[in-house]
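Undergrad: The file below is start_30.cif, mmCIF, C-alpha atoms:
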data_run
#
loop_
_atom_site.label_atom_id
_atom_site.label_comp_id
_atom_site.auth_asym_id
_atom_site.auth_seq_id
_atom_site.Cartn_x
_atom_site.Cartn_y
_atom_site.Cartn_z
CA MET A 217 23.18 66.24 116.63
CA THR A 218 22.51 69.49 114.83
CA THR A 219 19.51 69.85 112.56
CA ARG A 220 21.87 70.49 109.65
CA PHE A 221 23.79 67.26 110.39
CA ILE A 222 20.58 65.22 110.60
CA LYS A 223 19.32 66.68 107.33
CA GLY A 224 22.67 65.93 105.71
CA LEU A 225 22.60 62.36 107.01
CA LEU A 226 19.05 61.82 105.76
CA SER A 227 19.98 63.34 102.42
CA GLY A 228 22.91 60.93 102.10
CA VAL A 229 20.75 57.94 103.00
CA ALA A 230 18.17 59.05 100.45
CA GLY A 231 20.88 59.38 97.82
CA VAL A 232 22.12 55.85 98.49
CA ALA A 233 18.53 54.60 98.33
CA ILE A 234 17.96 56.35 95.02
CA MET A 235 21.16 54.88 93.60
CA ALA A 236 20.22 51.43 94.87
CA SER A 237 16.74 51.67 93.40
CA GLY A 238 18.26 52.85 90.13
CA ALA A 239 20.52 49.81 90.08
CA MET A 240 17.55 47.60 90.80
CA ALA A 241 15.49 49.32 88.13
CA GLN A 242 17.94 48.45 85.38
CA GLU A 243 20.33 45.57 85.81
CA VAL A 244 20.88 44.61 82.16
CA THR A 245 20.99 46.61 78.94
CA LEU A 246 20.83 44.51 75.79
CA LYS A 247 21.97 45.81 72.40
CA LEU A 248 19.62 44.37 69.76
CA HIS A 249 21.12 44.58 66.26
CA GLN A 250 19.51 43.81 62.91
CA PHE A 251 19.65 44.81 59.25
CA LEU A 252 16.23 46.29 58.40
CA PRO A 253 14.97 49.86 58.93
CA ALA A 254 13.16 50.35 62.24
CA GLN A 255 9.81 50.85 60.49
CA ALA A 256 9.96 47.53 58.58
CA ASN A 257 7.54 44.80 59.60
CA VAL A 258 9.94 42.46 61.41
CA PRO A 259 11.40 45.09 63.76
CA LYS A 260 8.05 46.83 64.24
CA LEU A 261 5.75 43.83 64.62
CA ILE A 262 8.08 41.17 66.05
CA LEU A 263 11.37 42.41 67.51
CA ASP A 264 9.90 45.47 69.22
CA VAL A 265 7.07 43.35 70.63
CA TRP A 266 9.60 40.89 72.05
CA ALA A 267 11.79 43.66 73.47
CA ASP A 268 8.82 45.54 74.97
CA LYS A 269 7.56 42.33 76.61
CA ILE A 270 11.00 41.66 78.11
CA GLU A 271 11.23 45.19 79.47
CA ALA A 272 7.70 45.15 80.91
CA ALA A 273 7.99 41.69 82.48
CA SER A 274 11.28 42.67 84.13
CA GLU A 275 9.76 45.96 85.39
CA GLY A 276 12.58 47.83 83.72
CA ARG A 277 15.42 45.71 85.05
CA ILE A 278 16.12 44.71 81.45
CA LYS A 279 16.41 47.48 78.87
CA VAL A 280 16.66 46.66 75.19
CA ASP A 281 18.44 49.24 73.03
CA ARG A 282 17.46 48.69 69.39
CA PHE A 283 19.94 49.24 66.56
CA PRO A 284 18.32 48.87 63.10
CA SER A 285 19.97 49.02 59.67
CA MET A 286 23.35 47.68 60.91
CA GLN A 287 23.94 50.78 63.05
CA LEU A 288 26.53 48.94 65.14
CA GLY A 289 28.58 48.32 62.01
CA GLY A 290 29.41 45.28 59.96
CA THR A 291 27.32 43.54 57.32
CA PRO A 292 24.21 41.32 57.63
CA PRO A 293 26.20 38.08 57.14
CA GLU A 294 28.30 39.05 60.19
CA LEU A 295 25.35 39.39 62.58
CA LEU A 296 25.45 35.92 64.09
CA ASP A 297 29.16 36.23 64.81
CA GLN A 298 28.46 39.63 66.37
CA ALA A 299 26.21 37.87 68.87
CA ILE A 300 28.80 35.17 69.49
CA ASP A 301 31.65 37.68 69.85
CA GLY A 302 29.71 40.19 71.95
CA VAL A 303 29.63 43.05 69.45
CA ALA A 304 25.87 42.88 69.98
CA ASP A 305 23.96 41.13 72.75
CA VAL A 306 20.99 40.02 70.62
CA VAL A 307 20.73 39.79 66.83
CA TRP A 308 18.07 38.90 64.31
CA THR A 309 19.36 37.49 61.04
CA VAL A 310 18.77 35.32 58.01
CA VAL A 311 20.52 31.99 58.61
CA GLY A 312 21.23 31.59 54.89
CA TYR A 313 23.45 34.68 54.87
CA THR A 314 26.21 32.30 55.98
CA PRO A 315 25.86 29.53 53.36
CA GLY A 316 26.49 25.99 54.54
CA ARG A 317 27.26 26.93 58.14
CA PHE A 318 23.93 25.77 59.57
CA PRO A 319 22.95 23.03 57.12
CA THR A 320 20.08 21.47 59.07
CA THR A 321 18.06 24.71 58.87
CA GLU A 322 18.04 24.41 55.08
CA VAL A 323 15.39 21.69 55.19
CA PHE A 324 12.82 24.50 55.51
CA GLU A 325 14.32 26.36 52.52
CA LEU A 326 13.73 23.55 50.03
CA PRO A 327 11.37 24.45 47.15
CA PHE A 328 7.65 23.81 47.63
CA MET A 329 8.34 22.52 51.13
CA VAL A 330 6.43 24.97 53.34
CA GLU A 331 2.77 25.89 53.06
CA ASP A 332 2.13 27.46 56.46
CA ALA A 333 4.68 29.68 58.23
CA ARG A 334 3.31 28.93 61.70
CA ALA A 335 3.49 25.16 61.25
CA ALA A 336 6.97 25.44 59.73
CA SER A 337 8.22 27.70 62.54
CA CYS A 338 6.88 25.20 65.08
CA ALA A 339 8.62 22.35 63.28
CA TYR A 340 11.81 24.42 63.01
CA TRP A 341 11.91 25.01 66.79
CA THR A 342 11.20 21.34 67.49
CA MET A 343 14.01 20.25 65.19
CA PHE A 344 16.30 22.99 66.51
CA GLU A 345 16.02 21.57 70.02
CA GLU A 346 16.60 18.02 68.77
CA HIS A 347 19.26 18.49 66.11
CA MET A 348 20.82 21.97 66.18
CA GLU A 349 20.98 23.44 69.69
CA ASP A 350 24.04 21.48 70.81
CA THR A 351 25.67 21.13 67.39
CA GLU A 352 25.39 23.81 64.71
CA PHE A 353 24.32 26.55 67.14
CA LYS A 354 26.55 25.54 70.04
CA GLY A 355 28.08 28.61 71.64
CA VAL A 356 25.14 30.96 71.11
CA LYS A 357 21.77 31.23 72.86
CA ILE A 358 18.97 30.88 70.30
CA LEU A 359 15.75 32.59 71.38
CA GLY A 360 13.59 31.98 68.32
CA THR A 361 13.53 30.14 65.00
CA TRP A 362 11.06 30.92 62.23
CA VAL A 363 10.37 31.23 58.52
CA HIS A 364 8.68 33.95 56.51
CA GLY A 365 5.59 33.67 54.32
CA PRO A 366 5.78 32.44 50.72
CA GLY A 367 8.87 33.51 48.81
CA MET A 368 8.20 34.84 45.33
CA PHE A 369 9.54 36.87 42.39
CA HIS A 370 9.46 40.64 41.93
CA THR A 371 10.78 41.48 38.48
CA ALA A 372 11.13 44.17 35.85
CA ASP A 373 9.57 41.87 33.20
CA PRO A 374 6.70 39.44 33.86
CA VAL A 375 7.49 35.89 34.97
CA GLU A 376 4.87 33.20 34.45
CA THR A 377 6.93 30.13 33.50
CA PRO A 378 10.54 29.16 34.12
CA VAL A 379 11.50 30.11 30.56
CA ASP A 380 10.65 33.74 31.41
CA LEU A 381 13.54 33.76 33.89
CA GLU A 382 16.17 32.81 31.34
CA GLY A 383 18.84 35.45 31.13
CA MET A 384 17.50 37.41 34.10
CA LYS A 385 19.78 38.40 36.97
CA ILE A 386 17.78 37.64 40.11
CA ARG A 387 18.80 38.29 43.68
CA GLY A 388 18.66 35.19 45.88
CA GLY A 389 18.72 35.19 49.66
CA SER A 390 20.38 31.85 50.38
CA ARG A 391 22.43 29.02 48.92
CA LEU A 392 19.36 26.94 48.06
CA VAL A 393 17.48 29.86 46.52
CA ASN A 394 20.48 30.53 44.28
CA GLN A 395 20.50 26.87 43.24
CA LEU A 396 16.76 27.12 42.52
CA LEU A 397 17.35 30.16 40.32
CA THR A 398 20.09 28.39 38.39
CA LEU A 399 17.84 25.40 37.70
CA ALA A 400 15.13 27.78 36.48
CA GLY A 401 17.53 29.40 34.03
CA ALA A 402 18.21 32.67 35.84
CA THR A 403 21.57 34.06 36.90
CA PRO A 404 21.57 34.20 40.71
CA VAL A 405 23.04 37.26 42.41
CA GLY A 406 23.72 36.94 46.12
CA MET A 407 23.04 40.05 48.18
CA PRO A 408 21.47 40.86 51.56
CA VAL A 409 17.98 42.29 51.36
CA PRO A 410 18.95 45.90 52.27
CA ALA A 411 20.97 46.08 49.03
CA VAL A 412 18.03 45.10 46.82
CA PRO A 413 16.56 48.58 46.14
CA GLU A 414 19.89 49.94 44.91
CA GLY A 415 20.49 46.78 42.89
CA LEU A 416 17.15 47.18 41.14
CA SER A 417 17.43 50.93 40.57
CA LYS A 418 20.91 50.62 39.07
CA GLY A 419 20.05 47.59 36.94
CA VAL A 420 22.52 45.33 38.73
CA ILE A 421 19.63 42.87 39.06
CA ASP A 422 16.45 42.39 37.02
CA GLY A 423 14.44 41.16 39.95
CA THR A 424 14.54 39.71 43.43
CA THR A 425 13.18 36.87 45.53
CA ILE A 426 11.54 38.10 48.74
CA PRO A 427 8.15 37.62 50.41
CA TRP A 428 5.48 40.28 50.10
CA GLU A 429 5.86 41.63 53.63
CA VAL A 430 9.25 43.30 53.18
CA THR A 431 8.42 44.88 49.81
CA ALA A 432 6.82 47.96 51.37
CA ALA A 433 9.84 48.92 53.50
CA LEU A 434 12.12 48.46 50.47
CA LYS A 435 9.69 50.26 48.11
CA ILE A 436 9.86 47.32 45.69
CA PRO A 437 6.47 48.07 44.01
CA GLU A 438 7.93 51.42 42.97
CA LEU A 439 11.02 49.80 41.45
CA VAL A 440 9.46 46.88 39.54
CA GLU A 441 5.96 46.38 38.21
CA ASN A 442 5.70 42.59 38.11
CA HIS A 443 5.18 40.15 40.96
CA THR A 444 4.86 36.35 40.66
CA GLU A 445 3.24 34.38 43.48
CA PHE A 446 2.53 30.66 43.76
CA GLU A 447 -0.56 28.87 45.08
CA GLY A 448 -0.04 25.99 47.50
CA PRO A 449 3.37 25.31 49.04
CA ALA A 450 5.78 28.23 48.70
CA LEU A 451 8.37 28.45 45.94
CA TYR A 452 10.86 28.85 48.78
CA ASN A 453 11.23 30.15 52.34
CA LEU A 454 14.13 31.55 54.31
CA THR A 455 14.98 30.68 57.90
CA PHE A 456 15.64 33.21 60.67
CA VAL A 457 16.99 33.15 64.20
CA LEU A 458 16.88 35.55 67.11
CA ALA A 459 20.18 34.87 68.84
CA MET A 460 21.70 36.07 72.11
CA ASN A 461 25.27 36.14 73.39
CA GLU A 462 25.59 33.09 75.62
CA GLY A 463 27.79 34.82 78.20
CA VAL A 464 25.38 37.71 78.56
CA PHE A 465 22.47 35.32 79.11
CA ASN A 466 24.45 33.21 81.59
CA GLY A 467 25.47 36.36 83.46
CA MET A 468 21.88 37.40 84.11
CA SER A 469 20.19 36.61 87.40
CA ALA A 470 18.00 33.50 87.40
CA ASP A 471 14.77 35.48 87.51
CA LEU A 472 15.80 37.61 84.53
CA GLN A 473 16.84 34.48 82.62
CA THR A 474 13.36 33.10 83.29
CA ILE A 475 11.77 36.25 81.85
CA VAL A 476 13.84 35.90 78.68
CA GLU A 477 13.01 32.20 78.41
CA ASP A 478 9.29 32.80 79.02
CA ASN A 479 9.18 35.23 76.09
CA SER A 480 11.24 33.09 73.72
CA GLY A 481 11.23 29.53 72.42
CA MET A 482 8.36 27.73 70.72
CA ASN A 483 5.58 30.24 71.38
CA PHE A 484 7.68 33.19 70.24
CA SER A 485 8.88 31.32 67.15
CA VAL A 486 5.33 30.53 66.01
CA PHE A 487 4.24 34.08 66.80
CA ALA A 488 7.14 35.49 64.75
CA GLY A 489 6.58 33.27 61.73
CA GLY A 490 2.84 33.84 61.77
CA THR A 491 3.16 37.60 62.23
CA GLN A 492 5.64 37.91 59.39
CA SER A 493 3.42 35.83 57.13
CA ASP A 494 0.30 37.83 58.10
CA ALA A 495 2.08 41.01 57.01
CA ASP A 496 2.14 39.74 53.41
CA GLY A 497 -1.47 40.76 52.74
CA PRO A 498 -1.21 44.48 53.53
CA ALA A 499 2.06 44.73 51.59
CA ARG A 500 0.48 43.01 48.59
CA GLU A 501 -2.33 45.57 48.64
CA ILE A 502 0.19 48.35 48.04
CA ALA A 503 1.24 46.73 44.75
CA VAL A 504 -2.42 46.21 43.83
CA GLU A 505 -3.26 49.85 44.51
CA MET A 506 -0.32 50.95 42.38
CA GLY A 507 -1.73 48.94 39.47
CA ASN A 508 1.22 46.57 39.28
CA ASN A 509 0.96 43.26 37.43
CA ILE A 510 0.50 40.29 39.79
CA VAL A 511 0.93 36.86 38.25
CA THR A 512 -0.49 33.97 40.27
CA VAL A 513 0.83 30.54 39.29
CA SER A 514 -1.93 28.05 40.11
CA ASP A 515 -0.41 25.00 38.38
CA THR A 516 3.13 24.69 39.73
CA SER A 517 3.88 21.31 38.10
CA GLU A 518 6.27 22.77 35.50
CA TRP A 519 8.19 24.64 38.18
CA GLN A 520 8.29 21.60 40.47
CA ALA A 521 9.53 19.29 37.71
CA LEU A 522 12.39 21.67 37.01
CA ILE A 523 13.33 22.51 40.58
CA ASN A 524 12.62 19.37 42.61
CA PRO A 525 15.98 17.75 41.73
CA LEU A 526 17.27 20.11 44.41
CA TYR A 527 15.97 17.58 46.95
CA ASP A 528 18.34 14.86 45.74
CA THR A 529 21.22 17.32 45.54
CA TRP A 530 20.53 18.52 49.06
CA VAL A 531 20.29 15.00 50.50
CA ALA A 532 23.65 14.20 48.89
CA ASP A 533 25.12 17.42 50.32
CA MET A 534 23.87 16.50 53.78
CA LYS A 535 25.33 13.01 53.50
CA GLY A 536 28.69 14.61 52.86
CA LYS A 537 28.30 16.50 56.13
CA GLY A 538 27.36 13.34 58.04
CA LEU A 539 23.66 14.23 58.15
CA ASP A 540 20.65 12.19 57.05
CA GLY A 541 18.95 14.72 54.80
CA GLN A 542 16.03 12.49 53.86
CA ALA A 543 15.26 11.85 57.52
CA LEU A 544 15.26 15.61 58.13
CA ILE A 545 12.87 16.14 55.20
CA ASP A 546 10.56 13.40 56.45
CA GLN A 547 10.60 14.77 60.01
CA ALA A 548 9.91 18.34 58.89
CA LYS A 549 7.01 17.26 56.68
CA GLY A 550 5.63 15.02 59.43
CA LEU A 551 5.74 17.80 62.01
CA MET A 552 4.16 20.40 59.69
CA SER A 553 1.29 18.08 58.79
CA GLY A 554 1.04 16.55 62.26
CA GLU A 555 1.61 18.05 65.70
CA CYS A 556 2.55 21.50 64.34
CA ALA A 557 -0.46 21.81 62.04
CA GLY A 558 -2.61 24.67 63.26
CA ALA A 559 0.09 25.93 65.64
CA MET A 560 -0.59 29.35 67.14
CA GLY A 561 1.65 31.67 69.10
CA LYS A 562 0.77 34.92 70.87
CA MET A 563 2.90 37.46 72.67
#
Since I need it in another form, could you write the structure as structure tokens?
TA:
Amino acid sequence: MTTRFIKGLLSGVAGVAIMASGAMAQEVTLKLHQFLPAQANVPKLILDVWADKIEAASEGRIKVDRFPSMQLGGTPPELLDQAIDGVADVVWTVVGYTPGRFPTTEVFELPFMVEDARAASCAYWTMFEEHMEDTEFKGVKILGTWVHGPGMFHTADPVETPVDLEGMKIRGGSRLVNQLLTLAGATPVGMPVPAVPEGLSKGVIDGTTIPWEVTAALKIPELVENHTEFEGPALYNLTFVLAMNEGVFNGMSADLQTIVEDNSGMNFSVFAGGTQSDADGPAREIAVEMGNNIVTVSDTSEWQALINPLYDTWVADMKGKGLDGQALIDQAKGLMSGECAGAMGKM
């Protein structure tokens, strides 16, 4: 053999080795799609943490490409179907953006139901595995279930009592929140959260219901000067899921599936809910520093008397769907005050 031939042979072997190692280095690329800007708290503090953990644990064999602000197209209510249909591989979304489609999740959206986001997210995952995994969410791989911190009002004019809401057009994030607004005398306006700043600036809405944590990314304290929060159980909460295309998950090797599973489920759900809730404080400080008016409702009895009929309405709605709504309420409350009380999750 000539020296040139040997060198050529070795070069070819090295090239094959490099290509093989490259294939080993990255076996799966996941497109992660969601509706908030990349710098918002959920993508920055939760989704990026999850994606980075997956990439690190797989030693680069899984790569997660992140697409914020609906960069893959469509609208926020279409996200879950994008995961099911394969437009995206993983999505994060508000379950209530598709009203009535996932009714069992609504138990955590009832007024004055949730006091601690970690306990509620723990209860949500427990009930997901028991009631929802093989029914409402059949056909999609759910990686996490959680709720945000206390939902509240952010309005152009101050809101202290329900009568202050009369005549106001308020954005609601789900079917139950819109029903709550109607009972309180407001006119509910359904719109995904990315549309809120424009709605406020153009006067399409007089206020919005969102938790503190997302107000900074949306610049809400610059658009309205009044914020109404409630002591004790939250006025409302919304439910979220991190969902993955089932075929993509099933097509992964067993060891990569294990990595995804190890970084998802109960621990991730509690981490996500707790992290989102913890982000309320820093966001609230921005409104304080701007000198905005923060109303804290300590006695919620007037609000509860007006809004609590939603429980009976919801139980009746669930009965019409063949579900025992009261049993779901009782189970959620029992879990939040029992085995899920004090739940902690770390990533």
Undergrad: Starting from the PyMOL selection byres ((chain A and resi 305) around 12), expand the selection into actual residues of this file and give them as a PDB file with C-alpha atoms, in the coordinates of the input.
TA:
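Full text of selection09.pdb as output:
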ATOM      1  CA  VAL A 244      20.880  44.610  82.160  1.00  0.00           C
ATOM      2  CA  THR A 245      20.990  46.610  78.940  1.00  0.00           C
ATOM      3  CA  LEU A 246      20.830  44.510  75.790  1.00  0.00           C
ATOM      4  CA  LYS A 247      21.970  45.810  72.400  1.00  0.00           C
ATOM      5  CA  LEU A 248      19.620  44.370  69.760  1.00  0.00           C
ATOM      6  CA  HIS A 249      21.120  44.580  66.260  1.00  0.00           C
ATOM      7  CA  GLN A 250      19.510  43.810  62.910  1.00  0.00           C
ATOM      8  CA  LYS A 279      16.410  47.480  78.870  1.00  0.00           C
ATOM      9  CA  VAL A 280      16.660  46.660  75.190  1.00  0.00           C
ATOM     10  CA  ASP A 281      18.440  49.240  73.030  1.00  0.00           C
ATOM     11  CA  ARG A 282      17.460  48.690  69.390  1.00  0.00           C
ATOM     12  CA  PHE A 283      19.940  49.240  66.560  1.00  0.00           C
ATOM     13  CA  LEU A 288      26.530  48.940  65.140  1.00  0.00           C
ATOM     14  CA  LEU A 295      25.350  39.390  62.580  1.00  0.00           C
ATOM     15  CA  LEU A 296      25.450  35.920  64.090  1.00  0.00           C
ATOM     16  CA  ASP A 297      29.160  36.230  64.810  1.00  0.00           C
ATOM     17  CA  GLN A 298      28.460  39.630  66.370  1.00  0.00           C
ATOM     18  CA  ALA A 299      26.210  37.870  68.870  1.00  0.00           C
ATOM     19  CA  ILE A 300      28.800  35.170  69.490  1.00  0.00           C
ATOM     20  CA  ASP A 301      31.650  37.680  69.850  1.00  0.00           C
ATOM     21  CA  GLY A 302      29.710  40.190  71.950  1.00  0.00           C
ATOM     22  CA  VAL A 303      29.630  43.050  69.450  1.00  0.00           C
ATOM     23  CA  ALA A 304      25.870  42.880  69.980  1.00  0.00           C
ATOM     24  CA  VAL A 306      20.990  40.020  70.620  1.00  0.00           C
ATOM     25  CA  VAL A 307      20.730  39.790  66.830  1.00  0.00           C
ATOM     26  CA  TRP A 308      18.070  38.900  64.310  1.00  0.00           C
ATOM     27  CA  VAL A 356      25.140  30.960  71.110  1.00  0.00           C
ATOM     28  CA  LYS A 357      21.770  31.230  72.860  1.00  0.00           C
ATOM     29  CA  ILE A 358      18.970  30.880  70.300  1.00  0.00           C
ATOM     30  CA  LEU A 359      15.750  32.590  71.380  1.00  0.00           C
ATOM     31  CA  LEU A 458      16.880  35.550  67.110  1.00  0.00           C
ATOM     32  CA  ALA A 459      20.180  34.870  68.840  1.00  0.00           C
ATOM     33  CA  MET A 460      21.700  36.070  72.110  1.00  0.00           C
ATOM     34  CA  ASN A 461      25.270  36.140  73.390  1.00  0.00           C
ATOM     35  CA  GLU A 462      25.590  33.090  75.620  1.00  0.00           C
ATOM     36  CA  GLY A 463      27.790  34.820  78.200  1.00  0.00           C
ATOM     37  CA  VAL A 464      25.380  37.710  78.560  1.00  0.00           C
ATOM     38  CA  PHE A 465      22.470  35.320  79.110  1.00  0.00           C
ATOM     39  CA  ASN A 466      24.450  33.210  81.590  1.00  0.00           C
ATOM     40  CA  GLY A 467      25.470  36.360  83.460  1.00  0.00           C
TER      41      GLY A 467
END
Undergrad: Translate the PyMOL selection byres ((chain A and resi 338) around 7), as applied to the file shown, into an explicit residue set as a list in words.
TA: Arg334, Ala335, Ala336, Ser337, Ala339, Tyr340, Trp341, Thr342, Met482, Ser485, Val486, Cys556 and Ala559 of chain A
Undergrad: Given the file above and the PyMOL selection byres ((chain A and resi 258) around 10), which residues are selected, and can you give them as a PyMOL selection string?
TA: chain A and resi 250+252-257+259-265+308+364+429-430+488-489+491-492+495
Undergrad: If you take all atoms listed in the file and a cut-off of 8 Å, which residues of stretch 425-503 of chain A touch stretch 379-401 of chain A, and what are their nearest atom pairs and distances in Å to one decimal, in chain and number order, as a tab-separated table?
TA:
residue	atom	partner	partner_atom	distance
A:Thr425	CA	A:Gly388	CA	5.7
A:Ile426	CA	A:Gly389	CA	7.8
A:Tyr452	CA	A:Val393	CA	7.1
A:Leu454	CA	A:Ser390	CA	7.4
Undergrad: With all atoms listed in the file as the atoms that count, which of A:Ser274, A:Phe251, A:Val311, A:Lys269 lies nearest to A:Thr455?
TA: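 Nearest candidate to A:Thr455 out of A:Ser274, A:Phe251, A:Val311, A:Lys269: A:Val311.
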Undergrad: For a test of reading the model, state the distance in Å between atom CA of A:Glu518 and atom CA of A:Met329, rounded to one decimal.
TA: 15.8 Å
Undergrad: Can you work out which one of A:Ala333, A:Val457, A:Val409, A:Ile475 has the shortest atom-to-atom distance to A:Gly561, counting all atoms listed in the file?
TA: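 Going through A:Ala333, A:Val457, A:Val409, A:Ile475 one by one, the smallest distance to A:Gly561 is for A:Ala333.
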Undergrad: How many Å separate atom CA of A:Leu434 from atom CA of A:Leu416?
TA: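 Calculated distance between atom CA of A:Leu434 and atom CA of A:Leu416 is 10.7 Å.
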Undergrad: Pick from A:Thr371, A:Ala432, A:Gly419, A:His347: nearest to A:Ala402, with only C-alpha atoms counted?
TA: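 When distances to A:Ala402 are compared using only C-alpha atoms, the smallest one comes from A:Thr371.
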Undergrad: For atom CA of A:Lys549 and atom CA of A:Ala499, quote the distance in Å rounded to one decimal.
TA: 28.4 Å
Undergrad: Nearest residue to A:Gln547 out of A:Ala411, A:Met343, A:Ile510, A:Met286, using only C-alpha atoms?
TA: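 Counting only C-alpha atoms, the residue closest to A:Gln547 is A:Met343.
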Undergrad: Considering all atoms listed in the file, state which residue in the set A:Thr377, A:Thr431, A:Thr314, A:Asn508 is at the smallest distance from A:Leu522.
TA: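 For A:Leu522, the nearest of the candidates is A:Thr377.
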Undergrad: I'd like to know which of A:Val310, A:Val363, A:Ala521, A:Ala372 is closest to A:His443, using all atoms listed in the file.
TA: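 For A:His443, the nearest of the candidates is A:Ala372.
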